[in-house]
Each structure stands twice: as C-alpha cells, then as structure tokens.
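Remarks on the structure that follows.
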Amino acid sequence: MEDAYIIQGGKPLKGSVKLSGAKNASLKMVIAALLFDGKVTLNNVPRIRDLDELLHLFTELGATAEFVDTNTVIIDGAGLKTNTVDLLHGSKIRSTFLLFAPLLRKFKEAHIPNPGGCRIGARPIDRIMNGLKELGGIVEYDHATGYYHAKLDGKAHGSYTFEKPSHTGTEFMIMLSVFAEGTVHIHNAALEPEIDDLISFLNEGGALICREGSSIIVTGVSFLTQKKPYTIVSDRNEAVTFAVLGLITKGDITVGPIDPKLLEVFISKVRECGGGVDFVGTDKIRFHYKGLFIATKIETEPHPGFMTDWQQNWVVLMTQAQGVSTLHERVFENRFAFVSELQKLGAQIEFDMATVKNPKQYYHFAHNPEKEYKQAIKIYGPQQLHSGVLTVTDLRAGATLAIAALLVPGESIVNGVSILERGYERFVEKVTQLGGDIKRI
Ligand code: EPU
C-alpha cells in the first residue's frame with residue numbers, strides 16, 4: 001500500500017465532528033493503568049497508531065491490553081514479566097519512558113531505550129531523569145546502546161522543582177510519586193489539562209494528588225484499584241485542526257464534545273483574525289467563515305498559552321489573512337519543517353531571525369548560544385495557493401498539509417500520512433463526512 005492521501009480540494013467543508021479522546025492523555029493513562037491492582041477500563045481511547053504501538057509493547061512486557069469495543073480498552077498489568085523495553089518498539093514513541101514508573105515499582109530496576117516520537121528538535125529527557133534521581137532513583141545512560149538504566153530501591157521520596165515545566169515530565173513525576181513515602185512536592189509543574197485528566201484518573205483509583213497552581217502535591221498510598229471505568233478527555237489538538245479546516249475552506253464546522261475553556265486562547269485568536277466562533281450548548285463550538293481574515297502575531301507557549309501543537313495549522317490560516325503574520329515558536333526547536341512543504345503550494349513564508357533578549361529564559365528547550373535556530377516566521381497573505389505533492393515531516397505537520405490540500409482547488413497528494421495517523425483517529429472518515437474529497441491509498 002502507498003502511504004498517501006489523494007485530495008481534491010477547494011470545497012467549503014461543513015458539518016459536525018465528534019472529537020476523539022486525547023492522544024496526549026490516553027498514551028499516559030494506559031501506562032498509568034499498569035500501576036493499578038486488577039483490571040482497568042478506559043473509555044474514549046483513540047484508535048491511533050501510537051496507541052496500537054504502545055499496546056503491542058504491553059503484550060511484549062507481559063501485560064494484557066485489549067480493545068473490547070471500538071474505543072474501550074481493558075488493561076491488566078498483573079502479568080508484567082520483564083523490566084526491559086525492547087529497542088524496536090520502545091524507541092518509536094516518546095511516552096515509553098513513563099514505563100519506568102510501573103516497571104520500577106514491580107522490579108526495582110528497569111531498562112528503557114531513549115524515547116522516539118516526532119522529530120521535532122532534540123527533545124531530551126534530562127529534566128525528567130533528574131526528577132527521578134531527586135526522588136531517590138539512580139539513572140545511567142548508556143550511549144553505546146541508547147538505553148537508560150534506572151533503579152529505585154524503596155519508595156520515591158522528597159521533592160523536585162522543574163527548571164522549566166515539562167508536560168510528560170510532570171506526568172512521570174506524578175506516576176512515580178503515587179506510592180511515595182510520605183508526601184512528594186513537584187514544583188514548576190506543567191499546567192496542561194491532560195495532566196489534570198491523569199490526576200483525576202489516578203485519584204478515582206485511590207491516589208492522593210492535588211494541584212495548587214504550578215505545584216503538585218502527592219501523598220503516597222499503598223495501592224490503586226479502579227472502581228468504575230474512566231473516560232478520557234477530548235483531543236483539543238484535533239479540535240483545532242477541524243476548526244482551522246472549517247475556517248480556511250470558507251466552511252462551517254462544529255466540534256465537540258469539548259470544554260471551551262481548553263481552547264480559550266485559540267478561540268480569542270480566531271475572533272481576533274475575523275473568524276466566526278459560536279458556542280453550541282456547553283460542550284460544542286462552531287467555527288465558521290465570516291469574511292477576509294486579518295494577520296495575527298503569535299508566540300507559542302505551554303498551556304494556558306497558544307499551544308505549540310496548534311501553530312502549524314494556524315500558519316495555513318494565516319496564508320489566507322490580510323497582512324503580515326508572525327509566529328514565534330518558543331516550546332520546541334526545529335518545529336517549522338512543514339514550511340518548505342507549504343511553500344511548494346505557493347505560500348509566502350520567510351524565516352525571521354528575530355533576536356530575543358534572553359533566549360535561555362524565553363525558549364522552553366535548552367537553548368545553545370553556539371547554535372543557529374530558526375524559531376520565527378513571517379507569513380504574507382492573502383495568498384492564492386495551488387495544488388501540489390507534499391511530504392509529511394511530523395505528526396502536526398501531517399494534519400497541516402492535509403488541510404492545506406483541502407483548501408486548494410485541484411488534486412494534491414500528501415505522502416507519508418501514517419505519521420499523521422499516529423495521532424488522528426479516522427481522519428479520512430471525518431473529513432469525508434464534512435464533504436471533503438480525500439482518499440487513502
Ligand atoms: N525538554 C527538555 N528536557 C526535558 C524535557 C523537556 O529539554 O527533560 C524540552 C523539550 O525538548 C521541549 C520543552 O522542554 O522543547 C517542552 O517539552 P515537554 O516535556 O513539555 O513536551 P513533551 O511532554 O515532550 C508533550 C506532548 C507534545 C506537546 C507538548 C507541549 C505528548 C506525548 N507530547 O510533549 O505533543 O507539544 O507536550 O504541550 O504528550 C504532539 O502531540 O504532536 C506533540 C508533540
């Protein structure tokens with residue numbers, strides 16, 4: 001099979017999209033399920049490639065993970081039999097390092113390869129491994145094999161302050177601390193809503209975790225058991241992709257169920273640029289075309305700011321906006337690989353070597369003054385884009401190229417779409433339901 005979409009674009013897309021469960025919550029929650037005694041049932045688990053990959057890995061580790069319904073999975077960690085994650089599967093998904101939490105609990109030591117995931121910047125896990133050390137663990141990295149070796153003999157204890165917040169890092173520290181000796185304080189923790197979903201899931205199972213702003217306090221308990229199935233929060237990144245799709249195709253798309261608070265900054269930017277936004281009941285949002293868009297200035301930030309995962313989609317919207325838009329990526333390095341693909345469609349986008357007063361503080365990645373970064377772009381619009389043949393570079397870029405192809409009249413090919421399908425459930429089906437002409441080959 002080819003790995004591409006053939007798209008005939010240029011039509012306004014209209015209708016409703018039922019959002020899937022959040023990728024960035026479900027990947028963590030299925031791992032956290034291994035901390036429970038007995039079986040755990042999770043609802044609203046998206047059928048995406050990253051999840052399939054992770055659940056396959058579970059069976060190799062001796063745990064069971066079975067879809068009993070389209071989006072319901074039952075996980076049982078009782079059979080965990082090895083403390084080593086294999087290189088082939090373990091290196092494909094970034095979240096695999098979270099497996100240190102259940103594996104260390106059961107085996108006191110564990111071996112996990114350097115995590116993979118999207119090729120966006122270096123994506124080190126130094127701050128996270130430092131956290132494990134601060135809570136009593138021993139960690140060594142073997143450069144020759146690419147493995148992290150960790151030991152935690154006894155219970156996690158102490159406190160940890162993140163130098164800069166880390167989304168998955170915060171989730172790891174929480175999972176590691178659930179069975180702590182006494183109380184663990186995690187400071188400068190990330191604020192992403194998927195973290196709070198994980199906290200609710202663990203607390204329903206008997207954990208004692210509370211958030212006080214950017215501090216998280218975990219009081220150790222001796223076991224977790226699930227009393228009723230847990231339903232994972234909707235994917236706010238998927239919501240943004242379909243919102244932008246509705247706007248750029250001069251269409252009208254309603255997304256839900258989702259708590260509008262999770263998209264507050266995005267919604268205010270849509271309004272600022274002239275897009276239509278209406279709330280439908282308490283958990284649906286309608287995005288519709290109202291007239292020419294206006295250029296915006298955006299800097300990405302962790303939640304509650306304008307999220308890094310939204311900027312790629314937003315850039316397509318800004319190619320249709322009057323004026324010069326700017327976008328400055330603060331969270332990840334090297335997250336503009338999709339720009340050269342959009343340029344193939346005629347987008348006028350330039351890198352802007354904007355100088356920043358204090359880059360070490362401004363950027364969330366570890367900034368190296370010796371290195372040259374391309375962190376900001378200018379987008380000139382409105383621009384009539386044309387069809388083309390595109391190649392997906394990373395997950396969010398994948399959805400970006402697909403929606404750009406749906407905007408332009410004529411036939412486009414998007415190659416490498418299995419990368420997009422790592423994070424978007426039934427993308428082709430959902431676009432087709434909105435009236436889009438898209439075929440998977
Ligand atoms: N960082 C370090 N050292 C660390 C940890 C992070 O330098 O030990 C850097 C990262 O390289 C990055 C920044 O700190 O530049 C922030 O990283 P963070 O750890 O917060 O991100 P993450 O947990 O790796 C998750 C999502 C991303 C999402 C970010 C921001 C998952 C699996 N991934 O990444 O989602 O962009 O948080 O919210 O939850 C995606 O879905 O396409 C995606 C990339």
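Scheme for the structure tokens: letters A, B, ... for chains in order shown; per-chain residue numbers from 1; ligand numbers from 1 in order shown.
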
Which residues, written as a VMD selection string, have at least one atom at most 9 Å from stretch 271-278 of chain A, with only C-alpha atoms counted and residues fewer than 4 positions away on the same chain left out? chain A and resid 247 252 254 266 to 267 284 to 296 318 321

Can you spit out the residues from that selection as a PDB file, in the first residue's frame, using C-alpha atoms?
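Output (selection19.pdb):
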```pdb
ATOM      1  CA  LEU A 247     -12.302  28.466   8.535  1.00  0.00           C
ATOM      2  CA  ASP A 252     -18.742  25.883   8.885  1.00  0.00           C
ATOM      3  CA  THR A 254     -18.847  22.370  14.786  1.00  0.00           C
ATOM      4  CA  PHE A 266      -7.256  29.672  20.416  1.00  0.00           C
ATOM      5  CA  ILE A 267     -10.829  30.986  20.316  1.00  0.00           C
ATOM      6  CA  LYS A 284     -19.654  22.187  21.295  1.00  0.00           C
ATOM      7  CA  ILE A 285     -18.018  25.022  19.387  1.00  0.00           C
ATOM      8  CA  ARG A 286     -18.915  26.217  15.897  1.00  0.00           C
ATOM      9  CA  PHE A 287     -16.184  27.749  13.702  1.00  0.00           C
ATOM     10  CA  HIS A 288     -17.343  29.491  10.534  1.00  0.00           C
ATOM     11  CA  TYR A 289     -16.159  31.842   7.828  1.00  0.00           C
ATOM     12  CA  LYS A 290     -17.282  35.460   8.166  1.00  0.00           C
ATOM     13  CA  GLY A 291     -15.054  37.265   5.664  1.00  0.00           C
ATOM     14  CA  LEU A 292     -11.398  38.059   4.979  1.00  0.00           C
ATOM     15  CA  PHE A 293      -9.049  37.077   7.807  1.00  0.00           C
ATOM     16  CA  ILE A 294      -6.631  39.550   9.345  1.00  0.00           C
ATOM     17  CA  ALA A 295      -2.946  38.853  10.129  1.00  0.00           C
ATOM     18  CA  THR A 296      -2.006  37.912  13.717  1.00  0.00           C
ATOM     19  CA  MET A 318      -2.575  32.984   8.048  1.00  0.00           C
ATOM     20  CA  ALA A 321      -5.121  36.513   6.061  1.00  0.00           C
TER      21      ALA A 321
END
```

Margin query: How would you report the residues lying within 7 Å of ligand 1, as a ChimeraX atom specification, if you count only C-alpha atoms and all ligand atoms?
Written below: /A:23-25,94-95,118,121-129,164-169,192,302-303,307-309,331-333,364-366,395-396,423

(Q) For the strand (DSSP E or B) assignment from backbone DSSP, which residues of stretch 85-270 of chain A qualify? Please present them as a VMD selection string. (A) chain A and resid 109 to 113 138 to 142 147 to 151 159 to 161 183 to 187 208 to 212 215 to 219 230 to 231 234 252 to 256

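Nearest to A:Leu224 of all the residues A:Ile438, A:Ala65, A:Val178, A:Ala405 is A:Val178, counting only C-alpha atoms.
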
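Residues surrounding A:Phe58 within 10 Å are Val30, Ile31, Leu34, Asp52, Glu53, Leu54, Leu55, Leu61, Gly62, Ala63, Thr64, Ala65, Ile75, Asp76, Gly77, Gly79, Leu80, Val85 and Leu99 of chain A [only C-alpha atoms; sequence separation below 3 positions excluded].
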
Given the selection you just returned, output its residues as a file containing C-alpha atoms, formatted as a PDB file, in the first residue's frame.
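Here's the written file again_1.pdb:
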```
ATOM      1  CA  VAL A  30      -2.766   3.381  29.541  1.00  0.00           C
ATOM      2  CA  ILE A  31       0.721   3.367  31.082  1.00  0.00           C
ATOM      3  CA  LEU A  34      -0.191  -0.576  34.915  1.00  0.00           C
ATOM      4  CA  ASP A  52      -1.507   0.443  18.826  1.00  0.00           C
ATOM      5  CA  GLU A  53       2.269   0.532  19.051  1.00  0.00           C
ATOM      6  CA  LEU A  54       2.191   1.081  22.813  1.00  0.00           C
ATOM      7  CA  LEU A  55      -0.377  -1.644  23.484  1.00  0.00           C
ATOM      8  CA  LEU A  61       6.131  -6.902  28.596  1.00  0.00           C
ATOM      9  CA  GLY A  62       3.590  -9.484  29.769  1.00  0.00           C
ATOM     10  CA  ALA A  63       0.686  -7.137  30.489  1.00  0.00           C
ATOM     11  CA  THR A  64      -2.634  -7.544  28.701  1.00  0.00           C
ATOM     12  CA  ALA A  65      -4.360  -4.749  26.842  1.00  0.00           C
ATOM     13  CA  ILE A  75      -5.609  -3.228  30.738  1.00  0.00           C
ATOM     14  CA  ASP A  76      -4.195  -5.662  33.241  1.00  0.00           C
ATOM     15  CA  GLY A  77      -0.630  -5.229  34.430  1.00  0.00           C
ATOM     16  CA  GLY A  79       1.429 -10.358  34.238  1.00  0.00           C
ATOM     17  CA  LEU A  80       4.303  -7.876  33.761  1.00  0.00           C
ATOM     18  CA  VAL A  85      11.572  -2.381  26.930  1.00  0.00           C
ATOM     19  CA  LEU A  99       7.014   2.899  31.766  1.00  0.00           C
TER      20      LEU A  99
END
```

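If you count only C-alpha atoms and ignore residues fewer than 2 places along the chain from A:Glu350, what sits within 8 Å of it is Gln348, Asp352, Ile377, Lys378 and Ile379 of chain A.
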
Excluding A:Val431 and its own-chain neighbours fewer than 5 positions away, which residues fall within 9 Å of it when counting only C-alpha atoms? Please give them as a PDB file with all heavy atoms, in the first residue's frame.
```pdb
ATOM      1  N   LEU A  13     -16.029  23.040   3.622  1.00  0.00           N
ATOM      2  CA  LEU A  13     -16.389  21.842   4.397  1.00  0.00           C
ATOM      3  C   LEU A  13     -17.341  22.247   5.508  1.00  0.00           C
ATOM      4  O   LEU A  13     -17.111  23.221   6.220  1.00  0.00           O
ATOM      5  CB  LEU A  13     -15.133  21.170   4.960  1.00  0.00           C
ATOM      6  CG  LEU A  13     -14.125  20.671   3.922  1.00  0.00           C
ATOM      7  CD1 LEU A  13     -13.167  19.675   4.546  1.00  0.00           C
ATOM      8  CD2 LEU A  13     -14.779  20.012   2.718  1.00  0.00           C
ATOM      9  N   VAL A  17     -18.098  17.458  13.837  1.00  0.00           N
ATOM     10  CA  VAL A  17     -17.060  16.448  14.071  1.00  0.00           C
ATOM     11  C   VAL A  17     -17.143  15.993  15.517  1.00  0.00           C
ATOM     12  O   VAL A  17     -17.096  16.827  16.434  1.00  0.00           O
ATOM     13  CB  VAL A  17     -15.651  17.039  13.819  1.00  0.00           C
ATOM     14  CG1 VAL A  17     -14.571  16.024  14.178  1.00  0.00           C
ATOM     15  CG2 VAL A  17     -15.496  17.471  12.378  1.00  0.00           C
ATOM     16  N   PHE A 242      -9.746  20.714  13.044  1.00  0.00           N
ATOM     17  CA  PHE A 242     -11.017  20.806  12.320  1.00  0.00           C
ATOM     18  C   PHE A 242     -11.573  22.232  12.340  1.00  0.00           C
ATOM     19  O   PHE A 242     -12.240  22.655  11.391  1.00  0.00           O
ATOM     20  CB  PHE A 242     -12.015  19.772  12.856  1.00  0.00           C
ATOM     21  CG  PHE A 242     -11.707  18.401  12.312  1.00  0.00           C
ATOM     22  CD1 PHE A 242     -11.059  17.451  13.089  1.00  0.00           C
ATOM     23  CD2 PHE A 242     -12.012  18.087  10.994  1.00  0.00           C
ATOM     24  CE1 PHE A 242     -10.741  16.204  12.570  1.00  0.00           C
ATOM     25  CE2 PHE A 242     -11.697  16.841  10.465  1.00  0.00           C
ATOM     26  CZ  PHE A 242     -11.064  15.893  11.253  1.00  0.00           C
ATOM     27  N   ARG A 426      -9.417   8.118  12.525  1.00  0.00           N
ATOM     28  CA  ARG A 426     -10.399   8.141  11.421  1.00  0.00           C
ATOM     29  C   ARG A 426     -10.414   9.501  10.701  1.00  0.00           C
ATOM     30  O   ARG A 426     -11.480  10.061  10.436  1.00  0.00           O
ATOM     31  CB  ARG A 426     -11.802   7.816  11.951  1.00  0.00           C
ATOM     32  CG  ARG A 426     -11.914   6.447  12.599  1.00  0.00           C
ATOM     33  CD  ARG A 426     -13.353   6.001  12.738  1.00  0.00           C
ATOM     34  NE  ARG A 426     -14.191   6.963  13.414  1.00  0.00           N
ATOM     35  CZ  ARG A 426     -14.347   7.031  14.737  1.00  0.00           C
ATOM     36  NH1 ARG A 426     -13.727   6.169  15.519  1.00  0.00           N
ATOM     37  NH2 ARG A 426     -15.121   7.950  15.269  1.00  0.00           N
ATOM     38  N   GLY A 436     -15.470  16.614   2.333  1.00  0.00           N
ATOM     39  CA  GLY A 436     -14.139  16.673   1.721  1.00  0.00           C
ATOM     40  C   GLY A 436     -13.897  15.484   0.796  1.00  0.00           C
ATOM     41  O   GLY A 436     -14.418  14.405   1.043  1.00  0.00           O
ATOM     42  N   ASP A 437     -13.106  15.712  -0.232  1.00  0.00           N
ATOM     43  CA  ASP A 437     -12.790  14.634  -1.179  1.00  0.00           C
ATOM     44  C   ASP A 437     -11.367  14.159  -0.873  1.00  0.00           C
ATOM     45  O   ASP A 437     -10.388  14.794  -1.267  1.00  0.00           O
ATOM     46  CB  ASP A 437     -12.908  15.216  -2.602  1.00  0.00           C
ATOM     47  CG  ASP A 437     -12.847  14.129  -3.652  1.00  0.00           C
ATOM     48  OD1 ASP A 437     -12.330  13.040  -3.345  1.00  0.00           O
ATOM     49  OD2 ASP A 437     -13.317  14.385  -4.781  1.00  0.00           O
ATOM     50  N   ILE A 438     -11.251  13.071  -0.132  1.00  0.00           N
ATOM     51  CA  ILE A 438      -9.948  12.588   0.332  1.00  0.00           C
ATOM     52  C   ILE A 438      -9.950  11.069   0.250  1.00  0.00           C
ATOM     53  O   ILE A 438     -10.919  10.426   0.650  1.00  0.00           O
ATOM     54  CB  ILE A 438      -9.673  13.085   1.781  1.00  0.00           C
ATOM     55  CG1 ILE A 438      -8.332  12.553   2.326  1.00  0.00           C
ATOM     56  CG2 ILE A 438     -10.785  12.734   2.742  1.00  0.00           C
ATOM     57  CD1 ILE A 438      -7.889  13.219   3.640  1.00  0.00           C
TER      58      ILE A 438
END
```

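Atom CA of A:Leu262 lies 7.3 Å from atom CA of A:Pro193.
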
(message) Excluding A:Tyr147 and its own-chain neighbours fewer than 5 positions away, which residues fall within 8 Å of it when counting only C-alpha atoms? Please give them as number ranges by chain.
(response) A: 111-114, 141-142

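Taking atom CA of A:Leu420 and atom CA of A:Ala399 as the two end points, the separation is 6.1 Å.
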
**Q.** Those in stretch 191-399 of chain A with helix (DSSP H, G or I) from DSSP, as a ChimeraX atom specification
**A.** /A:193-204,236-248,260-272,308-318,339-344,359-362,395-399

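Distances here use only C-alpha atoms; by that measure, the residue among A:Met353, A:Glu341, A:Gln8, A:Thr300 closest to A:Glu329 is A:Thr300.
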
Hey, what's within 12 Å of A:Val417 if we count only C-alpha atoms and toss same-chain stuff fewer than 4 positions away? As a count of residues only, please? 30

A straight line from atom CA of A:Leu345 to atom CA of A:Gln384 spans 8.9 Å
